[in-house]
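Engineer: One file is attached below, work-v8.txt, containing compact mmCIF, C-alpha atoms.
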# COMPACT_ATOMS: atom_id res chain seq x y z
CA MET A 944 -2.41 17.21 128.69
CA ASN A 945 -4.80 17.62 125.93
CA TYR A 946 -2.87 20.56 124.65
CA LEU A 947 0.34 18.49 124.58
CA LYS A 948 -1.31 15.73 122.55
CA PHE A 949 -2.66 18.19 120.03
CA HIS A 950 0.71 19.79 119.63
CA LEU A 951 2.46 16.43 118.98
CA PHE A 952 -0.19 15.44 116.50
CA ALA A 953 0.28 18.69 114.59
CA ILE A 954 4.04 18.23 114.48
CA LEU A 955 3.68 14.66 113.07
CA ALA A 956 1.24 15.85 110.45
CA ILE A 957 3.52 18.64 109.31
CA ALA A 958 6.49 16.24 109.19
CA SER A 959 4.55 13.69 107.20
CA VAL A 960 3.45 16.28 104.62
CA SER A 961 6.98 17.61 104.28
CA HIS A 962 8.39 14.12 103.80
CA ALA A 963 5.79 13.34 101.15
CA GLN A 964 6.66 16.51 99.26
CA VAL A 965 10.34 15.68 99.38
CA GLY A 966 9.67 12.15 98.09
CA SER A 967 7.50 13.43 95.29
CA GLU A 968 10.13 15.91 94.18
CA SER A 969 12.80 13.17 94.18
CA LEU A 970 10.59 10.87 92.10
CA ASN A 971 9.97 13.51 89.48
CA ALA A 972 13.71 14.24 89.23
CA GLU A 973 14.54 10.56 88.66
CA VAL A 974 11.91 10.21 85.94
CA ASP A 975 13.26 13.26 84.12
CA ALA A 976 16.79 11.88 84.31
CA GLU A 977 15.73 8.54 82.85
CA ILE A 978 13.93 10.20 79.93
CA ASP A 979 16.99 12.38 79.18
CA ARG A 980 19.22 9.28 79.18
CA MET A 981 17.01 7.43 76.70
CA TYR A 982 16.96 10.20 74.11
CA SER A 983 20.60 11.10 74.52
CA ALA A 984 21.71 7.54 73.48
CA PRO A 985 22.94 7.03 69.83
CA THR A 986 20.27 6.01 67.26
CA ILE A 987 20.60 2.45 65.95
CA GLN A 988 19.14 1.65 62.44
CA SER A 989 17.10 -1.52 62.54
CA SER A 990 15.20 -3.27 59.80
CA GLN A 991 12.85 -4.87 62.35
CA PRO A 992 9.50 -3.22 63.13
CA GLN A 993 9.83 -0.60 65.82
CA GLN A 994 8.48 -1.61 69.23
CA VAL A 995 7.09 0.66 71.85
CA GLN A 996 9.44 0.83 74.79
CA THR A 997 7.81 1.13 78.18
CA VAL A 998 9.72 2.33 81.23
CA ILE A 999 8.19 1.76 84.60
CA VAL A 1000 9.72 3.68 87.43
CA SER A 1001 8.39 3.26 90.86
CA ARG A 1002 9.52 4.51 94.15
CA GLN A 1003 7.86 3.82 97.40
CA ALA A 1004 7.80 6.54 99.84
CA PRO A 1005 8.88 5.73 103.28
CA VAL A 1006 5.46 6.33 104.58
CA GLN A 1007 2.94 5.67 101.70
CA LYS A 1008 2.88 3.83 98.33
CA GLN A 1009 3.04 6.13 95.26
CA PRO A 1010 1.06 5.48 92.02
CA VAL A 1011 2.81 3.71 89.07
CA THR A 1012 3.86 6.07 86.19
CA MET A 1013 4.16 4.70 82.52
CA VAL A 1014 6.17 6.56 79.87
CA GLU A 1015 6.03 5.55 76.12
CA ALA A 1016 8.90 6.42 73.79
CA SER A 1017 8.14 7.99 70.37
CA PRO A 1018 9.27 6.15 67.14
CA LEU A 1019 12.88 6.57 66.19
CA SER A 1020 13.46 9.12 63.36
CA ALA A 1021 15.30 8.08 60.13
CA SER A 1022 19.03 8.62 60.14
CA ASN A 1023 20.87 10.95 57.75
CA ALA A 1024 22.42 7.97 55.89
CA GLU A 1025 18.96 6.51 55.21
CA SER A 1026 17.75 9.82 53.73
CA ILE A 1027 20.82 10.06 51.48
CA ARG A 1028 20.33 6.47 50.29
CA LYS A 1029 16.69 7.14 49.37
CA ASN A 1030 17.63 10.31 47.48
CA ARG A 1031 20.34 8.42 45.59
CA GLN A 1032 17.87 5.66 44.56
CA GLU A 1033 15.35 8.22 43.34
CA GLU A 1034 18.03 10.00 41.29
CA GLU A 1035 19.11 6.68 39.77
CA MET A 1036 15.52 5.92 38.77
CA ARG A 1037 15.14 9.29 37.09
CA THR A 1038 18.46 8.87 35.26
CA GLU A 1039 17.55 5.37 34.03
CA THR A 1040 14.17 6.63 32.81
CA ARG A 1041 15.80 9.41 30.81
CA ILE A 1042 18.34 7.00 29.34
CA VAL A 1043 15.59 4.61 28.22
CA GLU A 1044 13.59 7.44 26.69
CA LYS A 1045 16.60 8.74 24.75
CA LEU A 1046 17.51 5.23 23.60
CA GLU A 1047 14.00 4.47 22.36
CA LEU A 1048 13.75 7.82 20.56
CA SER A 1049 17.08 7.17 18.83
CA ARG A 1050 16.03 3.68 17.78
CA MET A 1051 12.73 4.99 16.44
CA GLU A 1052 14.47 7.65 14.33
CA ASP A 1053 16.92 5.07 12.94
CA GLU A 1054 14.08 2.73 12.01
CA LYS A 1055 12.23 5.55 10.24
CA LYS A 1056 15.31 6.42 8.20
CA ARG A 1057 15.94 2.78 7.27
CA ALA A 1058 12.29 2.26 6.35
CA GLN A 1059 12.33 5.38 4.17
CA VAL A 1060 15.36 4.06 2.28
CA LEU A 1061 13.90 0.58 1.80
CA PHE A 1062 10.21 1.13 1.32
CA GLY A 1063 9.47 4.83 0.85
CA ASP A 1064 5.81 5.40 1.69
CA LYS A 1065 5.01 1.68 2.00
CA PHE A 1066 6.34 1.42 5.56
CA ASP A 1067 4.17 4.32 6.74
CA ALA A 1068 1.08 2.84 5.07
CA LEU A 1069 1.68 -0.57 6.67
CA ASN A 1070 2.42 0.95 10.07
CA ASN A 1071 -0.72 3.10 9.96
CA LYS A 1072 -2.78 0.07 9.00
CA GLU A 1073 -1.41 -1.93 11.92
CA GLN A 1074 -1.88 0.92 14.39
CA ALA A 1075 -5.50 1.38 13.33
CA ALA A 1076 -6.24 -2.22 14.28
CA GLN A 1077 -4.58 -1.99 17.72
CA PRO A 1078 -5.97 -0.57 21.00
CA ALA A 1079 -4.75 2.67 22.50
CA PRO A 1080 -1.08 2.63 23.60
CA ALA A 1081 -0.14 2.07 27.23
CA ALA A 1082 0.54 4.98 29.58
CA PRO A 1083 4.14 6.27 29.57
CA VAL A 1084 6.60 5.32 32.31
CA VAL A 1085 6.53 7.84 35.19
CA ALA A 1086 9.40 8.27 37.64
CA PRO A 1087 8.46 7.32 41.22
CA SER A 1088 7.88 10.05 43.79
CA SER A 1089 9.97 10.51 46.89
CA ASN A 1090 7.40 8.76 49.11
CA VAL A 1091 7.32 5.54 47.06
CA GLN A 1092 9.88 2.79 47.24
CA PRO A 1093 11.85 2.24 43.95
CA GLN A 1094 10.31 -0.28 41.58
CA PRO A 1095 11.81 -2.06 38.54
CA ILE A 1096 11.39 -0.22 35.22
CA VAL A 1097 8.96 -2.04 32.92
CA ILE A 1098 9.04 -1.01 29.26
CA GLN A 1099 6.04 -2.13 27.29
CA SER A 1100 6.57 -2.65 23.57
CA ASN A 1101 3.69 -2.26 21.16
CA GLU A 1102 5.59 -3.19 18.01
CA SER A 1103 3.10 -4.17 15.36
CA LEU A 1104 5.58 -5.32 12.71
CA THR A 1105 6.98 -8.78 13.10
CA ARG A 1106 10.21 -10.03 11.58
CA ASP A 1107 8.31 -11.83 8.82
CA ASP A 1108 6.43 -8.65 7.90
CA VAL A 1109 9.65 -6.68 7.58
CA ALA A 1110 11.31 -9.46 5.56
CA GLN A 1111 8.32 -9.62 3.22
CA GLU A 1112 8.39 -5.87 2.66
CA VAL A 1113 12.14 -5.96 1.95
CA ARG A 1114 11.69 -8.72 -0.62
CA ALA A 1115 8.82 -6.83 -2.27
CA ALA A 1116 10.88 -3.63 -2.44
CA LEU A 1117 13.85 -5.46 -3.97
CA ASP A 1118 11.63 -7.22 -6.52
CA GLU A 1119 10.00 -3.94 -7.50
CA ASP A 1120 13.37 -2.25 -7.89
CA LYS A 1121 14.67 -5.12 -10.02
CA ALA A 1122 11.54 -5.07 -12.18
CA SER A 1123 11.92 -1.34 -12.81
CA LYS A 1124 15.55 -1.84 -13.89
CA ASP A 1125 14.67 -4.72 -16.24
CA ASP A 1126 11.53 -3.05 -17.57
CA SER A 1127 12.77 -2.92 -21.14
CA SER A 1128 13.37 -6.69 -21.26
CA THR A 1129 10.52 -8.06 -19.17
CA ASN A 1130 7.80 -5.85 -20.63
CA LEU A 1131 8.73 -7.04 -24.11
CA PHE A 1132 6.88 -10.28 -23.46
CA GLU A 1133 4.01 -8.79 -21.48
CA LYS A 1134 2.31 -6.67 -24.18
CA LYS A 1135 1.23 -8.77 -27.16
CA TYR A 1136 -0.78 -7.74 -30.20
CA PHE A 1137 -2.44 -9.06 -33.36
CA SER A 1138 -2.32 -7.08 -36.62
CA ALA A 1139 -4.40 -7.32 -39.80
CA GLN A 1140 -2.67 -5.95 -42.91
CA ALA A 1141 -3.66 -4.89 -46.41
CA GLY A 1142 -1.63 -3.17 -49.13
CA VAL A 1143 -0.39 -2.83 -52.65
CA PRO A 1144 2.77 -4.71 -53.89
CA GLN A 1145 4.91 -3.39 -56.71
CA TYR A 1146 8.07 -4.03 -58.72
CA ALA A 1147 9.38 -0.57 -59.43
CA ASP A 1148 11.99 -1.74 -62.01
CA MET A 1149 9.62 -3.98 -64.01
CA PRO A 1150 6.54 -2.13 -65.41
CA ALA A 1151 5.26 -5.36 -66.97
CA ILE A 1152 4.74 -6.83 -63.48
CA GLN A 1153 1.73 -5.09 -62.01
CA GLY A 1154 0.82 -5.54 -58.37
CA ASN A 1155 -2.88 -6.15 -57.72
CA TYR A 1156 -3.29 -6.51 -53.94
CA SER A 1157 -1.83 -8.03 -50.80
CA PHE A 1158 -3.20 -8.92 -47.38
CA GLY A 1159 -1.94 -10.75 -44.35
CA PHE A 1160 -1.71 -10.88 -40.58
CA GLY A 1161 0.94 -10.68 -37.91
CA LEU A 1162 1.55 -11.56 -34.25
CA GLY A 1163 3.94 -9.53 -32.18
CA THR A 1164 5.10 -8.38 -28.79
CA SER A 1165 6.31 -4.92 -27.83
CA ASN A 1166 7.21 -2.36 -25.21
CA ASP A 1167 7.61 1.39 -25.46
CA TYR A 1168 10.75 1.11 -27.61
CA LEU A 1169 10.84 -2.24 -29.42
CA GLN A 1170 8.54 -4.47 -31.50
CA VAL A 1171 9.16 -8.02 -32.64
CA GLU A 1172 6.64 -9.32 -35.19
CA GLY A 1173 6.18 -12.38 -37.32
CA GLY A 1174 3.48 -12.96 -39.90
CA PHE A 1175 2.27 -13.98 -43.35
CA ILE A 1176 1.51 -11.90 -46.48
CA TYR A 1177 -0.14 -13.00 -49.72
CA SER A 1178 0.45 -10.86 -52.82
CA ASN A 1179 -1.05 -11.15 -56.33
CA TYR A 1180 0.63 -9.88 -59.51
CA ARG A 1181 -0.19 -9.84 -63.24
CA ILE A 1182 2.61 -10.22 -65.79
CA GLU A 1183 1.71 -8.90 -69.28
CA ASN A 1184 3.28 -9.96 -72.58
CA ALA A 1185 5.91 -12.02 -70.91
CA SER A 1186 8.17 -14.01 -73.16
CA TYR A 1187 8.40 -17.68 -72.53
CA ALA A 1188 10.15 -20.80 -73.81
CA TYR A 1189 9.48 -24.35 -72.84
CA ASN A 1190 10.44 -27.82 -73.91
CA ALA A 1191 7.64 -29.17 -76.05
CA GLY A 1192 9.53 -32.36 -76.78
CA SER A 1193 11.23 -34.72 -74.41
CA ASP A 1194 14.47 -34.89 -72.58
CA ALA A 1195 15.86 -37.20 -75.27
CA MET A 1196 14.71 -34.98 -78.13
CA PRO A 1197 14.02 -31.49 -76.74
CA TYR A 1198 11.85 -29.17 -78.78
CA TYR A 1199 11.54 -25.61 -77.47
CA VAL A 1200 8.57 -23.40 -78.16
CA SER A 1201 8.71 -19.66 -77.43
CA GLY A 1202 6.13 -16.90 -77.45
CA PHE A 1203 4.43 -14.12 -75.48
CA GLY A 1204 1.52 -14.30 -73.11
CA ASN A 1205 -0.12 -13.02 -69.90
CA PHE A 1206 0.49 -14.74 -66.58
CA VAL A 1207 -0.59 -14.47 -62.95
CA MET A 1208 2.09 -14.65 -60.23
CA ASN A 1209 1.00 -15.59 -56.68
CA GLN A 1210 3.46 -14.77 -53.91
CA TYR A 1211 3.21 -16.44 -50.43
CA GLN A 1212 5.53 -14.75 -48.00
CA THR A 1213 6.38 -15.44 -44.36
CA TYR A 1214 8.44 -12.85 -42.49
CA LEU A 1215 10.06 -11.87 -39.19
CA ALA A 1216 10.54 -8.17 -38.45
CA THR A 1217 12.16 -6.16 -35.67
CA LYS A 1218 11.06 -2.53 -35.33
CA PHE A 1219 12.37 0.23 -33.10
CA GLN A 1220 9.94 2.91 -31.93
CA ILE A 1221 11.61 6.31 -32.17
CA MET A 1222 9.15 7.99 -29.78
CA ALA A 1223 6.84 6.69 -27.06
CA GLY A 1224 3.42 8.30 -27.15
CA ALA A 1225 0.23 8.39 -29.17
CA ILE A 1226 2.19 8.77 -32.44
CA ARG A 1227 5.05 6.27 -32.71
CA PRO A 1228 7.36 6.32 -35.75
CA THR A 1229 9.07 2.96 -36.38
CA LEU A 1230 12.17 1.85 -38.25
CA GLY A 1231 13.50 -1.71 -38.53
CA GLY A 1232 14.58 -4.70 -40.56
CA ILE A 1233 12.73 -7.66 -42.05
CA LEU A 1234 13.72 -11.14 -43.25
CA SER A 1235 11.34 -13.20 -45.41
CA TYR A 1236 10.95 -16.33 -47.50
CA SER A 1237 8.75 -16.02 -50.64
CA TYR A 1238 7.18 -18.89 -52.56
CA ARG A 1239 5.85 -17.99 -56.06
CA THR A 1240 3.63 -19.81 -58.51
CA TYR A 1241 2.94 -18.92 -62.16
CA VAL A 1242 -0.37 -19.56 -63.91
CA THR A 1243 -1.33 -18.69 -67.51
CA ASP A 1244 -3.88 -15.90 -67.85
CA SER A 1245 -4.49 -16.40 -71.57
CA PHE A 1246 -4.22 -19.15 -74.17
CA THR A 1247 -0.61 -19.83 -75.01
CA ALA A 1248 1.40 -22.61 -76.53
CA MET A 1249 1.96 -23.80 -72.94
CA GLY A 1250 -1.74 -24.44 -72.47
CA ALA A 1251 -5.10 -22.85 -71.88
CA SER A 1252 -5.77 -20.12 -69.33
CA GLY A 1253 -5.25 -21.27 -65.75
CA THR A 1254 -2.44 -23.69 -66.57
CA LYS A 1255 0.24 -23.84 -63.88
CA THR A 1256 3.64 -23.44 -65.45
CA GLY A 1257 6.13 -23.55 -62.57
CA THR A 1258 7.20 -22.40 -59.11
CA SER A 1259 10.10 -20.62 -57.43
CA GLY A 1260 11.42 -19.77 -54.00
CA ALA A 1261 13.50 -16.86 -52.70
CA ILE A 1262 15.02 -15.52 -49.51
CA ASP A 1263 14.76 -11.74 -49.18
CA PHE A 1264 15.99 -9.14 -46.74
CA GLY A 1265 14.63 -5.65 -46.41
CA ILE A 1266 13.97 -2.56 -44.36
CA THR A 1267 10.68 -1.32 -42.97
CA ALA A 1268 9.59 2.14 -41.94
CA GLY A 1269 6.24 3.42 -40.77
CA VAL A 1270 4.17 5.04 -38.07
CA ASP A 1271 1.65 3.75 -35.52
CA ILE A 1272 -1.12 5.86 -34.03
CA ALA A 1273 -2.50 4.65 -30.70
CA LEU A 1274 -6.23 5.29 -30.39
CA ASN A 1275 -6.37 3.86 -26.87
CA GLU A 1276 -4.42 1.43 -24.71
CA ARG A 1277 -5.49 -1.62 -26.72
CA PHE A 1278 -6.11 -0.43 -30.29
CA ALA A 1279 -3.87 1.28 -32.84
CA ILE A 1280 -3.67 1.83 -36.59
CA GLY A 1281 -0.58 2.29 -38.68
CA ALA A 1282 1.04 2.35 -42.11
CA ASP A 1283 4.40 1.06 -43.27
CA LEU A 1284 6.62 0.43 -46.26
CA LYS A 1285 8.53 -2.84 -46.72
CA TYR A 1286 11.34 -2.65 -49.28
CA MET A 1287 12.89 -6.04 -50.12
CA PHE A 1288 16.19 -7.17 -51.67
CA ASN A 1289 16.77 -10.70 -52.98
CA ILE A 1290 19.49 -12.78 -51.36
CA SER A 1291 19.01 -16.14 -53.10
CA SER A 1292 16.40 -17.83 -55.30
CA ASN A 1293 15.52 -21.25 -56.77
CA ILE A 1294 13.38 -21.83 -59.91
CA ASN A 1295 11.58 -25.14 -60.42
CA GLY A 1296 10.13 -26.55 -63.66
CA ASP A 1297 10.43 -25.17 -67.13
CA THR A 1298 11.76 -21.73 -67.80
CA GLN A 1299 8.74 -19.70 -66.84
CA PRO A 1300 7.72 -16.35 -68.20
CA GLY A 1301 9.52 -13.77 -66.14
CA ALA A 1302 10.61 -16.40 -63.60
CA SER A 1303 14.23 -15.39 -63.93
CA SER A 1304 13.31 -11.73 -63.42
CA PRO A 1305 10.95 -11.32 -60.40
CA GLU A 1306 13.10 -13.42 -58.06
CA LYS A 1307 16.16 -11.24 -58.75
CA LEU A 1308 14.46 -7.86 -58.65
CA ASN A 1309 13.77 -5.53 -55.76
CA TYR A 1310 10.14 -4.91 -54.81
CA TYR A 1311 8.13 -3.18 -52.08
CA ILE A 1312 4.79 -3.49 -50.32
CA LEU A 1313 2.97 -0.37 -49.13
CA GLY A 1314 0.34 -1.29 -46.58
CA VAL A 1315 -1.82 -0.31 -43.66
CA ALA A 1316 -2.45 -2.29 -40.48
CA ALA A 1317 -4.80 -2.40 -37.52
CA LYS A 1318 -3.36 -3.66 -34.23
CA MET A 1319 -5.24 -5.06 -31.24
CA SER A 1320 -3.34 -5.64 -27.98
CA PHE A 1321 -4.23 -8.53 -25.66
Would you encode the structure as structure tokens?
Structural biologist:
Amino acid sequence: MNYLKFHLFAILAIASVSHAQVGSESLNAEVDAEIDRMYSAPTIQSSQPQQVQTVIVSRQAPVQKQPVTMVEASPLSASNAESIRKNRQEEEMRTETRIVEKLELSRMEDEKKRAQVLFGDKFDALNNKEQAAQPAPAAPVVAPSSNVQPQPIVIQSNESLTRDDVAQEVRAALDEDKASKDDSSTNLFEKKYFSAQAGVPQYADMPAIQGNYSFGFGLGTSNDYLQVEGGFIYSNYRIENASYAYNAGSDAMPYYVSGFGNFVMNQYQTYLATKFQIMAGAIRPTLGGILSYSYRTYVTDSFTAMGASGTKTGTSGAIDFGITAGVDIALNERFAIGADLKYMFNISSNINGDTQPGASSPEKLNYYILGVAAKMSF
């Protein structure tokens, strides 16, 4: 009896173990099938954060309860379309960066050429001055790597020249260019000078008229090629053994007295001269024309029938035209000395008072003044 009970108990135990093994093998097969199904399904792209999927598979054995098994799915991998899209965005970023770099380089070269035409070296000097006062430039734009999402391109401009600065430089360049073209006309009124003159006057065709001395001054303006000068010259002459005749009576009963005597002629002359400088340098030969008005007085220098010595006998006036030639020597930028010859021809004359000794002769004759001058610029 006891043997029969032991035998039945052994059979039940063996059957129970076999059934448990069969159940366990079936459970493992179902779990493997479920996992294969999940990973064999098509991948769906989602913009939402990925969530961990949990699959709980339980199977209760006919005889005993089995433990619960939890399986976690790994994150979904990126699709092929997503990888292509990212590569395309990165290539677009690199292309845009190269385009911007080329564009900025081209603009910079064009600006340099335009600045060279307008300003020459002035643009570089102004740009260097502005750059010295500014901080270090910003770092260059770098294309994003493959692991970084595309970002907008930001181009930082460190232009130091404003529109007003450029306009001011253009105006200055145009003014300088215009001034250089009009140098001959504008500089004529920028360099002014004062001259002190001294010389010897002479009537070459009348030996009886002897020139004693002359002195005067002038004010002028000049450039490297032209001088315009106005001034005053006083000249003193002595007339020897001049014949004279005057009315010793009255207008109703004229009575003329004639004779010979010595006289002094004073000549007061104002003039305007234009001189052309043949060469520009330290030695400057000049050649030009001169127009003058001369006022003359006659005074007795000895006792005559017209009166005692020092008696004024009459006056005259004359308009003369002449030529002038000379040379100036510049000692420095502000001081120069020179010599010139003024040769005058009478155009018209007017004699006042009685017929004066020689009064009809000096006004009609040619004469010259040989003089020296010292010029001070201011």
Engineer: Rank A:Thr1243, A:Ser1026, A:Ser1178, A:Gln1170 by their smallest atom-to-atom distance to Gln1140 in chain A, using all atoms listed in the file, and report the top residue only.
Structural biologist: A:Ser1178
Engineer: Using Å and a single decimal, report how far CA of Met1149 in chain A sits from CA of Phe1206 in chain A.
Structural biologist: 14.3 Å
Engineer: Rounded to one decimal place, report the CA of Tyr1146 in chain A-CA of Leu1162 in chain A distance in Å.
Structural biologist: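 Taking CA of Tyr1146 in chain A as the start and CA of Leu1162 in chain A as the end point, the length is 26.4 Å.
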Engineer: Would you work out the distance separating CA of Leu1313 in chain A from CA of Ala1282 in chain A, expressed in Å to one decimal?
Structural biologist: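 Pair CA of Leu1313 in chain A / CA of Ala1282 in chain A returns 7.8 Å.
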Engineer: Compare A:Ala1317, A:Ile1221, A:Ala1151, A:Val1171 by their minimum atom-to-atom distance to Val1207 in chain A, counting all atoms listed in the file, and give me the closest one.
Structural biologist: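 The shortest atom-to-atom distance to Val1207 in chain A comes from A:Ala1151.
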Engineer: So which one's closest to Asn1166 in chain A, A:Gln1220, A:Gln1212, A:Asn1071, A:Thr1040? Using all atoms listed in the file, please.
Structural biologist: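 Ranked by minimum distance to Asn1166 in chain A, first place goes to A:Gln1220.
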Engineer: Counting all atoms listed in the file, find residues at most 6 Å from (-1.0, -11.2, -59.4) (file frame) and give them as a ChimeraX atom specification.
Structural biologist: /A:1155,1179-1181,1207-1209
Engineer: From the list A:Phe1158, A:Ala1225, A:Gln1153, A:Ser1235, which residue is nearest Ile1272 in chain A when using all atoms listed in the file?
Structural biologist: A:Ala1225
